[in-house]
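Novice: Contents of work03.txt (compact mmCIF, C-alpha atoms):
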```txt
# COMPACT_ATOMS: atom_id res chain seq x y z
CA MET A 1 0.00 0.00 0.00
CA SER A 2 1.54 3.25 -1.13
CA SER A 3 -0.13 5.78 1.15
CA ARG A 4 -1.73 6.04 4.55
CA TRP A 5 -5.02 7.11 2.95
CA SER A 6 -6.35 5.40 -0.12
CA LYS A 7 -8.33 7.51 -2.58
CA VAL A 8 -10.69 5.61 -4.87
CA THR A 9 -11.35 6.66 -8.48
CA ALA A 10 -13.64 5.05 -11.04
CA GLU A 11 -10.82 4.84 -13.59
CA GLU A 12 -8.67 2.74 -11.24
CA CYS A 13 -11.42 0.52 -9.76
CA ILE A 14 -12.63 -2.97 -10.42
CA PHE A 15 -15.54 -4.53 -8.48
CA LEU A 16 -15.37 -8.15 -7.29
CA ILE A 17 -18.47 -10.10 -6.24
CA CYS A 18 -17.47 -13.22 -4.34
CA ASP A 19 -19.79 -16.25 -4.35
CA VAL A 20 -23.17 -14.56 -3.84
CA GLN A 21 -25.02 -17.78 -4.67
CA GLU A 22 -28.50 -19.14 -4.12
CA ARG A 23 -27.51 -22.04 -1.84
CA PHE A 24 -26.17 -19.65 0.81
CA ARG A 25 -29.43 -17.71 1.16
CA SER A 26 -30.53 -19.55 4.30
CA VAL A 27 -27.17 -19.93 6.05
CA ILE A 28 -25.30 -16.62 5.78
CA TYR A 29 -25.76 -14.03 8.53
CA GLN A 30 -27.77 -11.10 7.11
CA TYR A 31 -27.52 -12.42 3.54
CA PRO A 32 -30.18 -9.98 2.23
CA SER A 33 -27.77 -7.14 3.09
CA VAL A 34 -24.98 -8.78 1.10
CA ILE A 35 -27.28 -9.18 -1.92
CA HIS A 36 -28.52 -5.60 -1.56
CA ALA A 37 -25.00 -4.14 -1.48
CA ALA A 38 -23.86 -6.30 -4.41
CA LYS A 39 -26.88 -5.19 -6.46
CA ILE A 40 -26.23 -1.50 -5.67
CA LEU A 41 -22.57 -1.83 -6.68
CA LEU A 42 -23.49 -3.71 -9.85
CA GLU A 43 -25.84 -0.90 -10.87
CA ALA A 44 -23.30 1.78 -9.90
CA ALA A 45 -20.60 0.00 -11.91
CA GLU A 46 -22.65 0.58 -15.03
CA LEU A 47 -22.90 4.32 -14.30
CA PHE A 48 -19.18 4.64 -13.54
CA LYS A 49 -18.11 2.20 -16.31
CA ILE A 50 -16.33 -0.01 -13.79
CA PRO A 51 -15.81 -3.67 -14.78
CA VAL A 52 -17.30 -6.32 -12.50
CA ILE A 53 -15.94 -9.82 -11.92
CA ALA A 54 -17.93 -12.43 -10.01
CA THR A 55 -17.15 -15.95 -8.90
CA GLU A 56 -19.28 -18.94 -8.04
CA GLN A 57 -17.94 -21.51 -5.61
CA TYR A 58 -18.57 -25.02 -6.99
CA PRO A 59 -21.92 -24.09 -8.60
CA ARG A 60 -22.81 -27.69 -9.46
CA ALA A 61 -23.44 -28.27 -5.76
CA LEU A 62 -23.97 -24.72 -4.44
CA GLY A 63 -26.06 -23.21 -7.20
CA HIS A 64 -25.47 -20.13 -9.30
CA THR A 65 -25.41 -16.42 -8.53
CA VAL A 66 -28.63 -15.17 -6.92
CA GLU A 67 -31.30 -14.00 -9.35
CA GLU A 68 -31.25 -10.45 -7.95
CA LEU A 69 -27.85 -9.91 -9.62
CA ASP A 70 -27.86 -9.55 -13.40
CA CYS A 71 -25.09 -11.87 -14.59
CA GLN A 72 -25.15 -10.17 -18.01
CA LYS A 73 -23.52 -7.13 -16.36
CA MET A 74 -20.48 -9.01 -15.06
CA LYS A 75 -18.00 -11.72 -15.96
CA VAL A 76 -18.76 -14.83 -13.90
CA TYR A 77 -16.16 -17.54 -13.25
CA GLU A 78 -16.52 -20.89 -11.52
CA LYS A 79 -14.02 -21.94 -8.86
CA THR A 80 -13.33 -24.66 -6.35
CA VAL A 81 -10.51 -22.92 -4.46
CA PHE A 82 -11.49 -20.35 -1.83
CA SER A 83 -9.72 -17.29 -3.27
CA MET A 84 -11.30 -15.62 -6.28
CA MET A 85 -7.83 -15.46 -7.84
CA VAL A 86 -8.23 -18.40 -10.21
CA PRO A 87 -6.37 -18.21 -13.56
CA GLU A 88 -9.43 -16.90 -15.45
CA VAL A 89 -9.93 -14.06 -12.95
CA GLU A 90 -6.21 -13.23 -13.01
CA LYS A 91 -6.36 -13.08 -16.82
CA ASN A 92 -9.35 -10.74 -16.64
CA LEU A 93 -7.53 -8.53 -14.14
CA LEU A 94 -4.55 -8.35 -16.51
CA GLU A 95 -6.89 -7.08 -19.24
CA HIS A 96 -7.67 -4.20 -16.84
CA SER A 97 -4.10 -3.72 -15.68
CA LEU A 98 -4.51 0.03 -14.99
CA ARG A 99 -7.23 -0.75 -12.47
CA ARG A 100 -5.26 -1.41 -9.28
CA THR A 101 -8.05 -0.81 -6.75
CA ALA A 102 -10.25 -3.82 -5.97
CA VAL A 103 -13.59 -3.40 -4.21
CA ILE A 104 -14.99 -6.62 -2.74
CA VAL A 105 -18.48 -7.74 -1.68
CA GLY A 106 -19.61 -11.30 -1.02
CA ILE A 107 -19.07 -14.27 1.22
CA GLU A 108 -17.65 -15.61 3.40
CA THR A 109 -15.71 -12.77 4.99
CA HIS A 110 -13.32 -15.03 6.93
CA VAL A 111 -12.66 -17.48 4.08
CA CYS A 112 -13.06 -16.51 0.41
CA VAL A 113 -13.10 -12.73 0.92
CA LEU A 114 -10.08 -12.90 3.22
CA GLN A 115 -8.04 -15.18 0.95
CA THR A 116 -8.92 -13.10 -2.13
CA THR A 117 -7.86 -9.94 -0.31
CA LEU A 118 -4.54 -11.42 0.80
CA ASP A 119 -3.81 -12.57 -2.76
CA LEU A 120 -4.67 -9.13 -4.18
CA LEU A 121 -2.60 -7.30 -1.57
CA GLU A 122 0.34 -9.56 -2.39
CA LYS A 123 -0.03 -8.52 -6.05
CA GLY A 124 0.08 -4.82 -5.11
CA TYR A 125 -3.62 -3.96 -5.27
CA SER A 126 -5.33 -1.52 -2.96
CA VAL A 127 -8.26 -3.52 -1.58
CA HIS A 128 -11.49 -2.05 -0.20
CA ILE A 129 -13.90 -4.31 1.69
CA VAL A 130 -17.52 -3.18 1.62
CA THR A 131 -18.49 -3.99 5.22
CA ASP A 132 -22.23 -3.82 4.59
CA GLY A 133 -21.76 -6.17 1.64
CA VAL A 134 -19.76 -9.04 3.14
CA SER A 135 -20.77 -11.68 5.67
CA SER A 136 -20.22 -15.18 7.03
CA GLN A 137 -22.41 -17.85 8.57
CA ARG A 138 -21.45 -16.59 12.03
CA ALA A 139 -21.17 -12.95 13.08
CA MET A 140 -18.05 -13.72 15.13
CA ASP A 141 -16.19 -15.04 12.06
CA ARG A 142 -17.19 -11.90 10.17
CA SER A 143 -16.03 -9.46 12.84
CA THR A 144 -12.78 -11.34 13.43
CA ALA A 145 -12.08 -11.30 9.69
CA PHE A 146 -12.44 -7.50 9.62
CA ARG A 147 -9.62 -7.16 12.13
CA ARG A 148 -7.43 -9.52 10.11
CA LEU A 149 -8.25 -7.77 6.83
CA GLU A 150 -7.42 -4.35 8.26
CA GLN A 151 -4.18 -5.62 9.80
CA ALA A 152 -3.19 -7.05 6.42
CA GLY A 153 -3.66 -3.65 4.77
CA ALA A 154 -7.20 -3.68 3.37
CA TRP A 155 -9.49 -0.67 3.71
CA LEU A 156 -12.92 -1.04 5.32
CA THR A 157 -15.75 1.03 3.87
CA THR A 158 -19.50 0.97 3.20
CA TYR A 159 -21.07 0.99 -0.23
CA GLU A 160 -22.49 4.49 0.29
CA SER A 161 -19.14 5.92 1.40
CA LEU A 162 -17.42 4.27 -1.55
CA LEU A 163 -19.96 5.53 -4.09
CA PHE A 164 -19.73 9.11 -2.86
CA GLN A 165 -15.95 8.87 -2.93
CA LEU A 166 -16.24 7.82 -6.59
CA LEU A 167 -18.53 10.80 -7.29
CA ARG A 168 -16.21 13.34 -5.61
CA SER A 169 -18.79 16.14 -6.20
CA LYS A 170 -22.48 16.82 -6.70
CA ASP A 171 -21.44 18.02 -10.16
CA HIS A 172 -20.66 14.46 -11.33
CA PRO A 173 -23.04 13.43 -14.15
CA ALA A 174 -24.13 10.32 -12.18
CA PHE A 175 -24.78 12.18 -8.90
CA LYS A 176 -28.57 11.96 -9.08
CA GLN A 177 -28.63 8.25 -9.99
CA ILE A 178 -26.08 7.33 -7.31
CA SER A 179 -28.00 9.35 -4.71
CA GLU A 180 -31.16 7.44 -5.63
CA LEU A 181 -29.33 4.10 -5.32
CA CYS A 182 -28.14 5.06 -1.83
CA LYS A 183 -31.67 6.05 -0.76
CA ARG A 184 -33.12 2.61 -1.49
CA PRO A 185 -34.44 0.89 1.63
CA ARG A 186 -31.90 -1.45 3.17
CA PRO A 187 -32.77 -4.89 4.53
CA ASP A 188 -33.64 -4.71 8.21
CA PRO A 189 -31.81 -5.07 10.55
CA GLY A 190 -28.94 -5.31 8.09
CA LEU A 191 -25.22 -5.42 8.70
CA ASN A 192 -24.98 -2.47 11.08
CA THR A 193 -21.94 -3.49 13.09
CA LEU A 194 -18.42 -4.69 12.45
```
Rewrite the structure from the file as structure tokens, please.
Specialist:
Amino acid sequence: MSSRWSKVTAEECIFLICDVQERFRSVIYQYPSVIHAAKILLEAAELFKIPVIATEQYPRALGHTVEELDCQKMKVYEKTVFSMMVPEVEKNLLEHSLRRTAVIVGIETHVCVLQTTLDLLEKGYSVHIVTDGVSSQRAMDRSTAFRRLEQAGAWLTTYESLLFQLLRSKDHPAFKQISELCKRPRPDPGLNTL
């Protein structure tokens, strides 16, 4: 990480959606919040022209990406390892080599999100974890992972904070649309704590 504070720009960003699959709907703590944040970022990516990469963990057994997320708006790759950094994803990242800031939502915070983050940090990326868009089966695993992620050098943020950082000003052409995205009702009670 090159600086104490990490500024995020749309031109340098890539969004990663980790394993937001149907099978996990009933077992992940506050899963509706994860889906909500992923959907908001997917829609924002279109406005900011930010590429989106998604993975599916062993979809033959765990199902595909949830129907709320439009897979036509992202590149989706299957995997059986925990990190998203499979060869196909790495190849896609190389195609966007000027984008050195990775923004991650998905599951599980203490396994796939953590291992993906560590791999990206090792490759020199600035990594931003959307705290209201990641979760685990157990809240304790999630909160412990946040400490580990921060210690490793990742930045913790929320999707609203990130989107307004990308806007920089009310004069941005997408200001109105992003503001509307951020005003959408959030699942209750949602992921309100680290």
Novice: So how many Å separate atom CA of A:Ala145 and atom CA of A:Glu90, to one decimal?
Specialist: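 Interatomic distance, atom CA of A:Ala145 to atom CA of A:Glu90: 23.5 Å.
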Novice: Between A:Glu160, A:Glu12, A:Asp132, A:Asp119, which is the closest to A:Pro187 once you count only C-alpha atoms?
Specialist: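 Closest to A:Pro187 of all the choices is A:Asp132.
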Novice: So that I can check the surroundings of stretch 114-118 of chain A, please list as a tab-separated table (two decimals) with C-alpha atoms, in the coordinates of the input every protein, DNA and RNA residue that reaches within 7 Å of it, counting all atoms listed in the file and ignoring chain neighbours fewer than 3 positions away.
Specialist:
```tsv
chain	number	residue	atom	x	y	z
A	82	PHE	CA	-11.49	-20.35	-1.83
A	83	SER	CA	-9.72	-17.29	-3.27
A	84	MET	CA	-11.30	-15.62	-6.28
A	85	MET	CA	-7.83	-15.46	-7.84
A	109	THR	CA	-15.71	-12.77	4.99
A	110	HIS	CA	-13.32	-15.03	6.93
A	111	VAL	CA	-12.66	-17.48	4.08
A	121	LEU	CA	-2.60	-7.30	-1.57
A	122	GLU	CA	0.34	-9.56	-2.39
A	127	VAL	CA	-8.26	-3.52	-1.58
A	145	ALA	CA	-12.08	-11.30	9.69
A	149	LEU	CA	-8.25	-7.77	6.83
```
Novice: Which of these residues is nearest to A:Arg148, using all atoms listed in the file: A:Leu163, A:Leu98, A:Ile129, A:Met74?
Specialist: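 Smallest separation from A:Arg148 among the options: A:Ile129.
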Novice: Let me make sure I understand: among A:Gln30, A:Thr157, A:Gln21, A:Ser97, which one has the smallest atom-to-atom distance to A:Pro59 if we use only C-alpha atoms?
Specialist: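 Ranked by minimum distance to A:Pro59, first place goes to A:Gln21.
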Novice: Which residue gives the smallest distance to A:Ala37 among A:Ser143, A:Asn92, A:Ser161, A:Thr80, with only C-alpha atoms counted?
Specialist: A:Ser161
Novice: Residues at most 12 Å from A:Thr158, counting only C-alpha atoms, excluding those fewer than 6 positions away in the same chain, as a list of chain:residue names?
Specialist: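 Neighbouring residues, sequence-local ones excluded: A:Ser33, A:Val34, A:Ala37, A:Ala38, A:Ile40, A:Leu41, A:Val103, A:Ile104, A:Val105, A:His128, A:Ile129, A:Val130, A:Thr131, A:Asp132, A:Gly133, A:Val134, A:Phe164, A:Gln165, A:Cys182, A:Leu191, A:Asn192, A:Thr193, A:Leu194.
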Novice: With all atoms of stretch 105-118 of chain A from the file as input, state the centre and edge lengths in Å to one decimal of the axis-aligned box that has 8 Å extra on each side, as AutoDock Vina command-line options.
Specialist:
```
--center_x -12.1 --center_y -12.6 --center_z 2.4 --size_x 31.1 --size_y 25.7 --size_z 25.1
```
Novice: For A:Leu167, which residue among A:Cys18, A:Ala45, A:Leu120, A:Ile107 is the nearest when counting all atoms listed in the file?
Specialist: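 Looking at the shortest contact to A:Leu167, the residue is A:Ala45.
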Novice: For a test of reading the model, state the distance in Å between atom CA of A:Gly106 and atom CA of A:Phe48, rounded to one decimal.
Specialist: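 For atom CA of A:Gly106 relative to atom CA of A:Phe48, the distance reads 20.3 Å.
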Novice: With only C-alpha atoms as the atoms that count, which of A:Lys39, A:Arg142, A:Arg25, A:Arg147 lies nearest to A:Lys73?
Specialist: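 Distance minimum relative to A:Lys73 lands on A:Lys39.
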Novice: Just how far from atom CA of A:His36 is atom CA of A:Asp188, in Å to one decimal?
Specialist: 11.1 Å
Novice: Can you rebuild stretch 33-59 of chain A with N, CA, C and O atoms and give it as a PDB file, in the frame of the given file?
Specialist:
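The resulting rebuild_25.pdb:
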```pdb
ATOM      1  N   SER A  33     -28.618  -8.336   3.152  1.00  0.00           N
ATOM      2  CA  SER A  33     -27.770  -7.140   3.090  1.00  0.00           C
ATOM      3  C   SER A  33     -26.626  -7.306   2.107  1.00  0.00           C
ATOM      4  O   SER A  33     -26.254  -6.356   1.411  1.00  0.00           O
ATOM      5  N   VAL A  34     -26.061  -8.499   2.052  1.00  0.00           N
ATOM      6  CA  VAL A  34     -24.980  -8.780   1.100  1.00  0.00           C
ATOM      7  C   VAL A  34     -25.515  -8.645  -0.328  1.00  0.00           C
ATOM      8  O   VAL A  34     -24.894  -7.992  -1.180  1.00  0.00           O
ATOM      9  N   ILE A  35     -26.667  -9.248  -0.582  1.00  0.00           N
ATOM     10  CA  ILE A  35     -27.280  -9.180  -1.920  1.00  0.00           C
ATOM     11  C   ILE A  35     -27.603  -7.737  -2.280  1.00  0.00           C
ATOM     12  O   ILE A  35     -27.334  -7.285  -3.394  1.00  0.00           O
ATOM     13  N   HIS A  36     -28.163  -6.997  -1.336  1.00  0.00           N
ATOM     14  CA  HIS A  36     -28.520  -5.600  -1.560  1.00  0.00           C
ATOM     15  C   HIS A  36     -27.290  -4.779  -1.957  1.00  0.00           C
ATOM     16  O   HIS A  36     -27.315  -4.051  -2.953  1.00  0.00           O
ATOM     17  N   ALA A  37     -26.217  -4.897  -1.195  1.00  0.00           N
ATOM     18  CA  ALA A  37     -25.000  -4.140  -1.480  1.00  0.00           C
ATOM     19  C   ALA A  37     -24.403  -4.537  -2.835  1.00  0.00           C
ATOM     20  O   ALA A  37     -23.964  -3.675  -3.611  1.00  0.00           O
ATOM     21  N   ALA A  38     -24.397  -5.831  -3.124  1.00  0.00           N
ATOM     22  CA  ALA A  38     -23.860  -6.300  -4.410  1.00  0.00           C
ATOM     23  C   ALA A  38     -24.688  -5.739  -5.562  1.00  0.00           C
ATOM     24  O   ALA A  38     -24.136  -5.311  -6.587  1.00  0.00           O
ATOM     25  N   LYS A  39     -26.000  -5.712  -5.402  1.00  0.00           N
ATOM     26  CA  LYS A  39     -26.880  -5.190  -6.460  1.00  0.00           C
ATOM     27  C   LYS A  39     -26.641  -3.689  -6.657  1.00  0.00           C
ATOM     28  O   LYS A  39     -26.576  -3.210  -7.799  1.00  0.00           O
ATOM     29  N   ILE A  40     -26.502  -2.945  -5.584  1.00  0.00           N
ATOM     30  CA  ILE A  40     -26.230  -1.500  -5.670  1.00  0.00           C
ATOM     31  C   ILE A  40     -24.909  -1.272  -6.407  1.00  0.00           C
ATOM     32  O   ILE A  40     -24.817  -0.435  -7.312  1.00  0.00           O
ATOM     33  N   LEU A  41     -23.878  -2.017  -6.033  1.00  0.00           N
ATOM     34  CA  LEU A  41     -22.570  -1.830  -6.680  1.00  0.00           C
ATOM     35  C   LEU A  41     -22.626  -2.238  -8.149  1.00  0.00           C
ATOM     36  O   LEU A  41     -21.980  -1.598  -8.992  1.00  0.00           O
ATOM     37  N   LEU A  42     -23.367  -3.271  -8.463  1.00  0.00           N
ATOM     38  CA  LEU A  42     -23.490  -3.710  -9.850  1.00  0.00           C
ATOM     39  C   LEU A  42     -24.145  -2.608 -10.700  1.00  0.00           C
ATOM     40  O   LEU A  42     -23.704  -2.319 -11.813  1.00  0.00           O
ATOM     41  N   GLU A  43     -25.183  -1.987 -10.156  1.00  0.00           N
ATOM     42  CA  GLU A  43     -25.840  -0.900 -10.870  1.00  0.00           C
ATOM     43  C   GLU A  43     -24.935   0.332 -10.971  1.00  0.00           C
ATOM     44  O   GLU A  43     -24.884   0.996 -12.009  1.00  0.00           O
ATOM     45  N   ALA A  44     -24.217   0.635  -9.898  1.00  0.00           N
ATOM     46  CA  ALA A  44     -23.300   1.780  -9.900  1.00  0.00           C
ATOM     47  C   ALA A  44     -22.152   1.552 -10.889  1.00  0.00           C
ATOM     48  O   ALA A  44     -21.700   2.489 -11.549  1.00  0.00           O
ATOM     49  N   ALA A  45     -21.701   0.319 -10.995  1.00  0.00           N
ATOM     50  CA  ALA A  45     -20.600   0.000 -11.910  1.00  0.00           C
ATOM     51  C   ALA A  45     -20.951   0.400 -13.335  1.00  0.00           C
ATOM     52  O   ALA A  45     -20.099   0.902 -14.080  1.00  0.00           O
ATOM     53  N   GLU A  46     -22.201   0.200 -13.701  1.00  0.00           N
ATOM     54  CA  GLU A  46     -22.650   0.580 -15.030  1.00  0.00           C
ATOM     55  C   GLU A  46     -22.544   2.102 -15.233  1.00  0.00           C
ATOM     56  O   GLU A  46     -22.088   2.576 -16.267  1.00  0.00           O
ATOM     57  N   LEU A  47     -22.944   2.856 -14.223  1.00  0.00           N
ATOM     58  CA  LEU A  47     -22.900   4.320 -14.300  1.00  0.00           C
ATOM     59  C   LEU A  47     -21.464   4.839 -14.369  1.00  0.00           C
ATOM     60  O   LEU A  47     -21.177   5.803 -15.080  1.00  0.00           O
ATOM     61  N   PHE A  48     -20.578   4.201 -13.606  1.00  0.00           N
ATOM     62  CA  PHE A  48     -19.180   4.640 -13.540  1.00  0.00           C
ATOM     63  C   PHE A  48     -18.288   3.956 -14.592  1.00  0.00           C
ATOM     64  O   PHE A  48     -17.105   4.240 -14.677  1.00  0.00           O
ATOM     65  N   LYS A  49     -18.870   2.993 -15.327  1.00  0.00           N
ATOM     66  CA  LYS A  49     -18.110   2.200 -16.310  1.00  0.00           C
ATOM     67  C   LYS A  49     -16.955   1.437 -15.645  1.00  0.00           C
ATOM     68  O   LYS A  49     -15.828   1.420 -16.120  1.00  0.00           O
ATOM     69  N   ILE A  50     -17.291   0.799 -14.536  1.00  0.00           N
ATOM     70  CA  ILE A  50     -16.330  -0.010 -13.790  1.00  0.00           C
ATOM     71  C   ILE A  50     -16.603  -1.483 -14.106  1.00  0.00           C
ATOM     72  O   ILE A  50     -17.746  -1.943 -13.975  1.00  0.00           O
ATOM     73  N   PRO A  51     -15.587  -2.244 -14.521  1.00  0.00           N
ATOM     74  CA  PRO A  51     -15.810  -3.670 -14.780  1.00  0.00           C
ATOM     75  C   PRO A  51     -16.117  -4.436 -13.493  1.00  0.00           C
ATOM     76  O   PRO A  51     -15.644  -4.070 -12.413  1.00  0.00           O
ATOM     77  N   VAL A  52     -16.905  -5.490 -13.646  1.00  0.00           N
ATOM     78  CA  VAL A  52     -17.300  -6.320 -12.500  1.00  0.00           C
ATOM     79  C   VAL A  52     -16.957  -7.765 -12.801  1.00  0.00           C
ATOM     80  O   VAL A  52     -17.305  -8.302 -13.854  1.00  0.00           O
ATOM     81  N   ILE A  53     -16.274  -8.392 -11.847  1.00  0.00           N
ATOM     82  CA  ILE A  53     -15.940  -9.820 -11.920  1.00  0.00           C
ATOM     83  C   ILE A  53     -16.645 -10.518 -10.762  1.00  0.00           C
ATOM     84  O   ILE A  53     -16.601 -10.038  -9.630  1.00  0.00           O
ATOM     85  N   ALA A  54     -17.286 -11.638 -11.055  1.00  0.00           N
ATOM     86  CA  ALA A  54     -17.930 -12.430 -10.010  1.00  0.00           C
ATOM     87  C   ALA A  54     -17.434 -13.861 -10.075  1.00  0.00           C
ATOM     88  O   ALA A  54     -17.021 -14.337 -11.134  1.00  0.00           O
ATOM     89  N   THR A  55     -17.474 -14.521  -8.935  1.00  0.00           N
ATOM     90  CA  THR A  55     -17.150 -15.950  -8.900  1.00  0.00           C
ATOM     91  C   THR A  55     -18.313 -16.710  -8.291  1.00  0.00           C
ATOM     92  O   THR A  55     -19.134 -16.152  -7.552  1.00  0.00           O
ATOM     93  N   GLU A  56     -18.339 -18.006  -8.628  1.00  0.00           N
ATOM     94  CA  GLU A  56     -19.280 -18.940  -8.040  1.00  0.00           C
ATOM     95  C   GLU A  56     -18.479 -20.124  -7.514  1.00  0.00           C
ATOM     96  O   GLU A  56     -17.729 -20.750  -8.265  1.00  0.00           O
ATOM     97  N   GLN A  57     -18.632 -20.400  -6.237  1.00  0.00           N
ATOM     98  CA  GLN A  57     -17.940 -21.510  -5.610  1.00  0.00           C
ATOM     99  C   GLN A  57     -18.690 -22.811  -5.918  1.00  0.00           C
ATOM    100  O   GLN A  57     -19.848 -22.963  -5.531  1.00  0.00           O
ATOM    101  N   TYR A  58     -18.047 -23.699  -6.664  1.00  0.00           N
ATOM    102  CA  TYR A  58     -18.570 -25.020  -6.990  1.00  0.00           C
ATOM    103  C   TYR A  58     -20.075 -24.998  -7.271  1.00  0.00           C
ATOM    104  O   TYR A  58     -20.891 -25.578  -6.534  1.00  0.00           O
ATOM    105  N   PRO A  59     -20.486 -24.299  -8.340  1.00  0.00           N
ATOM    106  CA  PRO A  59     -21.920 -24.090  -8.600  1.00  0.00           C
ATOM    107  C   PRO A  59     -22.731 -25.360  -8.840  1.00  0.00           C
ATOM    108  O   PRO A  59     -23.945 -25.364  -8.617  1.00  0.00           O
TER     109      PRO A  59
END
```
